[in-house]
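**Student:** There's a structure below that I have some questions on.
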Amino acid sequence: MLVAFSVAPSGDPANGQAPGDASVHDAVAAAVRIVRESGLPNRTSSMFTEIEGEWDEVMDVVKRATDAVGGYGSRVSLVLKADIRPGYSGELTGKVERLEDAIGAQEAGGPGLAE
């Protein structure tokens, strides 16, 4: 499965122990570190982090990343989108490669969108 997720804190931490200059990027960095340390294929963009693997392992990483962000606020917002396609792997890059191939074919005059 592929999961794209975004996680961010809000409010003051319940324990009041967040760094005085804590910002969303500090919390996001804590989450992304967990994703990267998982060893699962992943990619981070300006808005989302994508991760690929089996259901249980991906959801475990998302939970741990969300828990890490919880230390930066009294609430956590999680946005998650999943593409569940049993029997497929390598889709983190495969989907983008197929898209680029389709764009190239359209630019070369091949099948594409009607004008």
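Naming works like this for the structure tokens: A, B, ... for the chains as they're shown, residue 1 at the start of each chain, ligands 1 onward in shown order.
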Would you list the contacts of region 27-33 of chain A as a ChimeraX atom specification, taking every protein, DNA or RNA residue within 8 Å and counting only C-alpha atoms, but skipping same-chain residues closer than 4 positions in sequence?
**Tutor:** /A:7-9,22-23,37,44,49,64-66,68-69,72
**Student:** What would the file look like if the residues just selected were written as a compact mmCIF listing (two decimals), in the first residue's frame with all heavy atoms?
**Tutor:**
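Output saved as selection-v6.txt:
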```txt
# COMPACT_ATOMS: atom_id res chain seq x y z
N VAL A 7 1.01 15.50 9.10
CA VAL A 7 0.71 15.55 10.53
C VAL A 7 1.26 16.85 11.09
O VAL A 7 2.36 17.28 10.72
CB VAL A 7 1.26 14.29 11.24
CG1 VAL A 7 2.75 14.17 11.12
CG2 VAL A 7 0.81 14.21 12.67
N ALA A 8 0.48 17.51 11.93
CA ALA A 8 0.90 18.79 12.50
C ALA A 8 0.28 18.98 13.88
O ALA A 8 -0.85 18.58 14.12
CB ALA A 8 0.48 19.94 11.60
N PRO A 9 1.04 19.61 14.78
CA PRO A 9 0.52 19.87 16.13
C PRO A 9 -0.23 21.19 16.18
O PRO A 9 -0.08 22.04 15.29
CB PRO A 9 1.80 19.98 16.96
CG PRO A 9 2.76 20.62 16.00
CD PRO A 9 2.43 20.03 14.65
N ALA A 22 9.65 26.26 19.45
CA ALA A 22 9.11 25.14 18.67
C ALA A 22 8.18 25.67 17.58
O ALA A 22 7.42 26.60 17.79
CB ALA A 22 8.34 24.19 19.58
N SER A 23 8.27 25.07 16.41
CA SER A 23 7.40 25.44 15.31
C SER A 23 6.94 24.16 14.63
O SER A 23 7.39 23.07 14.97
CB SER A 23 8.13 26.35 14.33
OG SER A 23 9.13 25.63 13.66
N GLU A 37 13.72 6.41 9.36
CA GLU A 37 14.36 5.34 10.13
C GLU A 37 13.64 4.01 10.00
O GLU A 37 14.18 2.97 10.34
CB GLU A 37 14.48 5.75 11.60
CG GLU A 37 15.50 6.85 11.83
CD GLU A 37 15.52 7.38 13.26
OE1 GLU A 37 14.65 6.98 14.08
OE2 GLU A 37 16.39 8.23 13.54
N THR A 44 9.36 12.69 0.91
CA THR A 44 8.72 13.82 1.56
C THR A 44 8.73 15.01 0.61
O THR A 44 9.76 15.31 0.00
CB THR A 44 9.44 14.19 2.87
OG1 THR A 44 9.36 13.08 3.76
CG2 THR A 44 8.81 15.40 3.54
N THR A 49 4.17 13.40 3.29
CA THR A 49 5.17 12.33 3.27
C THR A 49 4.47 11.10 2.76
O THR A 49 3.36 10.76 3.20
CB THR A 49 5.76 12.10 4.67
OG1 THR A 49 6.50 13.25 5.05
CG2 THR A 49 6.68 10.89 4.69
N ARG A 64 3.51 6.02 14.99
CA ARG A 64 4.68 6.49 15.73
C ARG A 64 5.04 7.92 15.34
O ARG A 64 5.42 8.73 16.20
CB ARG A 64 5.86 5.54 15.51
CG ARG A 64 5.65 4.21 16.23
CD ARG A 64 6.86 3.29 16.20
NE ARG A 64 7.14 2.79 14.87
CZ ARG A 64 8.26 3.00 14.18
NH1 ARG A 64 9.24 3.69 14.71
NH2 ARG A 64 8.43 2.50 12.98
N ALA A 65 4.90 8.27 14.06
CA ALA A 65 5.16 9.64 13.62
C ALA A 65 4.15 10.61 14.23
O ALA A 65 4.51 11.70 14.69
CB ALA A 65 5.12 9.71 12.09
N THR A 66 2.90 10.19 14.29
CA THR A 66 1.85 11.02 14.90
C THR A 66 2.11 11.20 16.39
O THR A 66 1.98 12.31 16.92
CB THR A 66 0.46 10.39 14.65
OG1 THR A 66 0.27 10.25 13.23
CG2 THR A 66 -0.64 11.24 15.22
N ALA A 68 4.96 11.17 17.86
CA ALA A 68 6.11 12.06 18.03
C ALA A 68 5.69 13.52 17.92
O ALA A 68 6.17 14.38 18.66
CB ALA A 68 7.19 11.75 16.98
N VAL A 69 4.78 13.80 17.02
CA VAL A 69 4.29 15.17 16.84
C VAL A 69 3.47 15.61 18.04
O VAL A 69 3.43 16.79 18.40
CB VAL A 69 3.50 15.28 15.52
CG1 VAL A 69 2.75 16.60 15.43
CG2 VAL A 69 4.44 15.12 14.33
N TYR A 72 4.58 18.16 20.64
CA TYR A 72 4.72 19.58 20.28
C TYR A 72 3.42 20.37 20.43
O TYR A 72 3.38 21.55 20.11
CB TYR A 72 5.22 19.70 18.84
CG TYR A 72 6.66 19.27 18.71
CD1 TYR A 72 6.99 17.92 18.54
CD2 TYR A 72 7.69 20.19 18.77
CE1 TYR A 72 8.31 17.52 18.42
CE2 TYR A 72 9.01 19.80 18.64
CZ TYR A 72 9.31 18.46 18.48
OH TYR A 72 10.62 18.06 18.36
```
**Student:** Enumerate the residues of chain A with a DSSP assignment of alpha helix (DSSP H), computed from the backbone, and present them as number ranges by chain.
**Tutor:** A: 24-37, 55-70, 91-107
**Student:** Which residues come within 12 Å of Ser45 (chain A), counting only C-alpha atoms, excluding same-chain residues fewer than 5 positions away, as a PyMOL selection string?
**Tutor:** chain A and resi 4-6+28+32+50-51
**Student:** Could you write out that same residue set with N, CA and C atoms as a short mmCIF file (atom, residue, chain, number, x, y, z; two decimals), in the first residue's frame?
**Tutor:**
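File written: selection_1.cif
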```
data_model
loop_
_atom_site.label_atom_id
_atom_site.label_comp_id
_atom_site.auth_asym_id
_atom_site.auth_seq_id
_atom_site.Cartn_x
_atom_site.Cartn_y
_atom_site.Cartn_z
N ALA A 4 -0.04 8.54 1.80
CA ALA A 4 0.43 9.92 1.85
C ALA A 4 -0.19 10.52 3.10
N PHE A 5 0.65 11.10 3.95
CA PHE A 5 0.09 11.68 5.16
C PHE A 5 0.79 12.97 5.53
N SER A 6 0.05 13.78 6.26
CA SER A 6 0.55 15.04 6.78
C SER A 6 0.11 15.12 8.23
N VAL A 28 7.31 18.34 12.41
CA VAL A 28 7.33 17.57 11.18
C VAL A 28 8.66 16.85 11.02
N VAL A 32 9.15 12.93 10.26
CA VAL A 32 9.87 12.46 9.08
C VAL A 32 11.07 11.61 9.48
N GLU A 50 5.10 10.43 1.80
CA GLU A 50 4.56 9.20 1.24
C GLU A 50 5.42 8.04 1.75
N ILE A 51 4.76 6.92 2.02
CA ILE A 51 5.45 5.74 2.51
C ILE A 51 4.79 4.51 1.89
#
```
**Student:** Rank A:Leu2, A:Val62, A:Ala102, A:Val24 by their smallest atom-to-atom distance to Arg85 (chain A), using only C-alpha atoms, and report the top residue only.
**Tutor:**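 Looking at the shortest contact to Arg85 (chain A), the residue is A:Leu2.
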**Student:** When you look at Ser10 (chain A) with a cut-off of 7 Å (counting only C-alpha atoms), what residues show up, excluding the ones that are within fewer than 3 positions of it in the same chain? I need them as a list in words.
**Tutor:** Gly73, Ser74, Arg75 and Val76 of chain A
**Student:** Give me a file of those residues, with all heavy atoms, as a PDB file, in the first residue's frame.
**Tutor:**
```
ATOM      1  N   GLY A  73       2.368  19.733  20.896  1.00  0.00           N
ATOM      2  CA  GLY A  73       1.101  20.429  21.056  1.00  0.00           C
ATOM      3  C   GLY A  73       0.118  19.599  21.839  1.00  0.00           C
ATOM      4  O   GLY A  73       0.358  18.432  22.150  1.00  0.00           O
ATOM      5  N   SER A  74      -1.012  20.207  22.164  1.00  0.00           N
ATOM      6  CA  SER A  74      -2.040  19.484  22.905  1.00  0.00           C
ATOM      7  C   SER A  74      -2.970  18.709  21.975  1.00  0.00           C
ATOM      8  O   SER A  74      -3.759  17.893  22.428  1.00  0.00           O
ATOM      9  CB  SER A  74      -2.852  20.460  23.755  1.00  0.00           C
ATOM     10  OG  SER A  74      -3.423  21.467  22.936  1.00  0.00           O
ATOM     11  N   ARG A  75      -2.856  18.980  20.672  1.00  0.00           N
ATOM     12  CA  ARG A  75      -3.657  18.286  19.660  1.00  0.00           C
ATOM     13  C   ARG A  75      -2.770  17.963  18.478  1.00  0.00           C
ATOM     14  O   ARG A  75      -1.766  18.629  18.245  1.00  0.00           O
ATOM     15  CB  ARG A  75      -4.808  19.165  19.161  1.00  0.00           C
ATOM     16  CG  ARG A  75      -5.760  19.612  20.211  1.00  0.00           C
ATOM     17  CD  ARG A  75      -6.771  20.538  19.611  1.00  0.00           C
ATOM     18  NE  ARG A  75      -7.800  19.723  18.972  1.00  0.00           N
ATOM     19  CZ  ARG A  75      -9.028  20.169  18.742  1.00  0.00           C
ATOM     20  NH1 ARG A  75      -9.347  21.401  19.056  1.00  0.00           N
ATOM     21  NH2 ARG A  75      -9.919  19.393  18.193  1.00  0.00           N
ATOM     22  N   VAL A  76      -3.203  16.974  17.712  1.00  0.00           N
ATOM     23  CA  VAL A  76      -2.501  16.613  16.489  1.00  0.00           C
ATOM     24  C   VAL A  76      -3.522  16.466  15.374  1.00  0.00           C
ATOM     25  O   VAL A  76      -4.561  15.826  15.547  1.00  0.00           O
ATOM     26  CB  VAL A  76      -1.714  15.293  16.652  1.00  0.00           C
ATOM     27  CG1 VAL A  76      -1.070  14.887  15.340  1.00  0.00           C
ATOM     28  CG2 VAL A  76      -0.670  15.416  17.737  1.00  0.00           C
TER      29      VAL A  76
END
```
**Student:** I'd like the contact shell of Gly87 (chain A) - 12 Å cut-off, only C-alpha atoms, skipping same-chain residues fewer than 2 positions apart - returned as a list in words.
**Tutor:**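 Contacts, in chain order: Met1, Gly53, Glu54, Ile84, Arg85, Ser89, Gly90 and Glu91 of chain A.
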**Student:** May I ask which of the residues A:Leu40, A:Ser46, A:Ala82, A:Ile34 is the closest one to Asp67 (chain A), counting only C-alpha atoms?
**Tutor:**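 Ranked by minimum distance to Asp67 (chain A), first place goes to A:Ile34.
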**Student:** Using CA of Asp83 (chain A) and CA of His25 (chain A) as the two end points, give the distance in Å to one decimal.
**Tutor:**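 CA of His25 (chain A) lies at a distance of 26.2 Å from CA of Asp83 (chain A).
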**Student:** For Leu80 (chain A), which of A:Asn42, A:Met59, A:Gly11, A:Glu100 is the closest residue, counting only C-alpha atoms?
**Tutor:**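 For Leu80 (chain A), the nearest of the given residues is A:Met59.
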**Student:** How many Å separate CA of Asp56 (chain A) from CA of Thr93 (chain A)?
**Tutor:**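 Interatomic distance, CA of Asp56 (chain A) to CA of Thr93 (chain A): 21.0 Å.
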**Student:** Of the candidates A:Asp26, A:Gln106, A:Val61, A:Gly70, which shows the shortest atom-to-atom distance to Ser38 (chain A), using only C-alpha atoms?
**Tutor:**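 Residue with the minimum atom-to-atom distance to Ser38 (chain A): A:Val61.
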**Student:** Tell me which of A:Glu97, A:Gly104, A:Val79, A:Val3 sits closest to Glu52 (chain A), counting only C-alpha atoms.
**Tutor:**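 Among A:Glu97, A:Gly104, A:Val79, A:Val3, it is A:Val3 that comes nearest to Glu52 (chain A).
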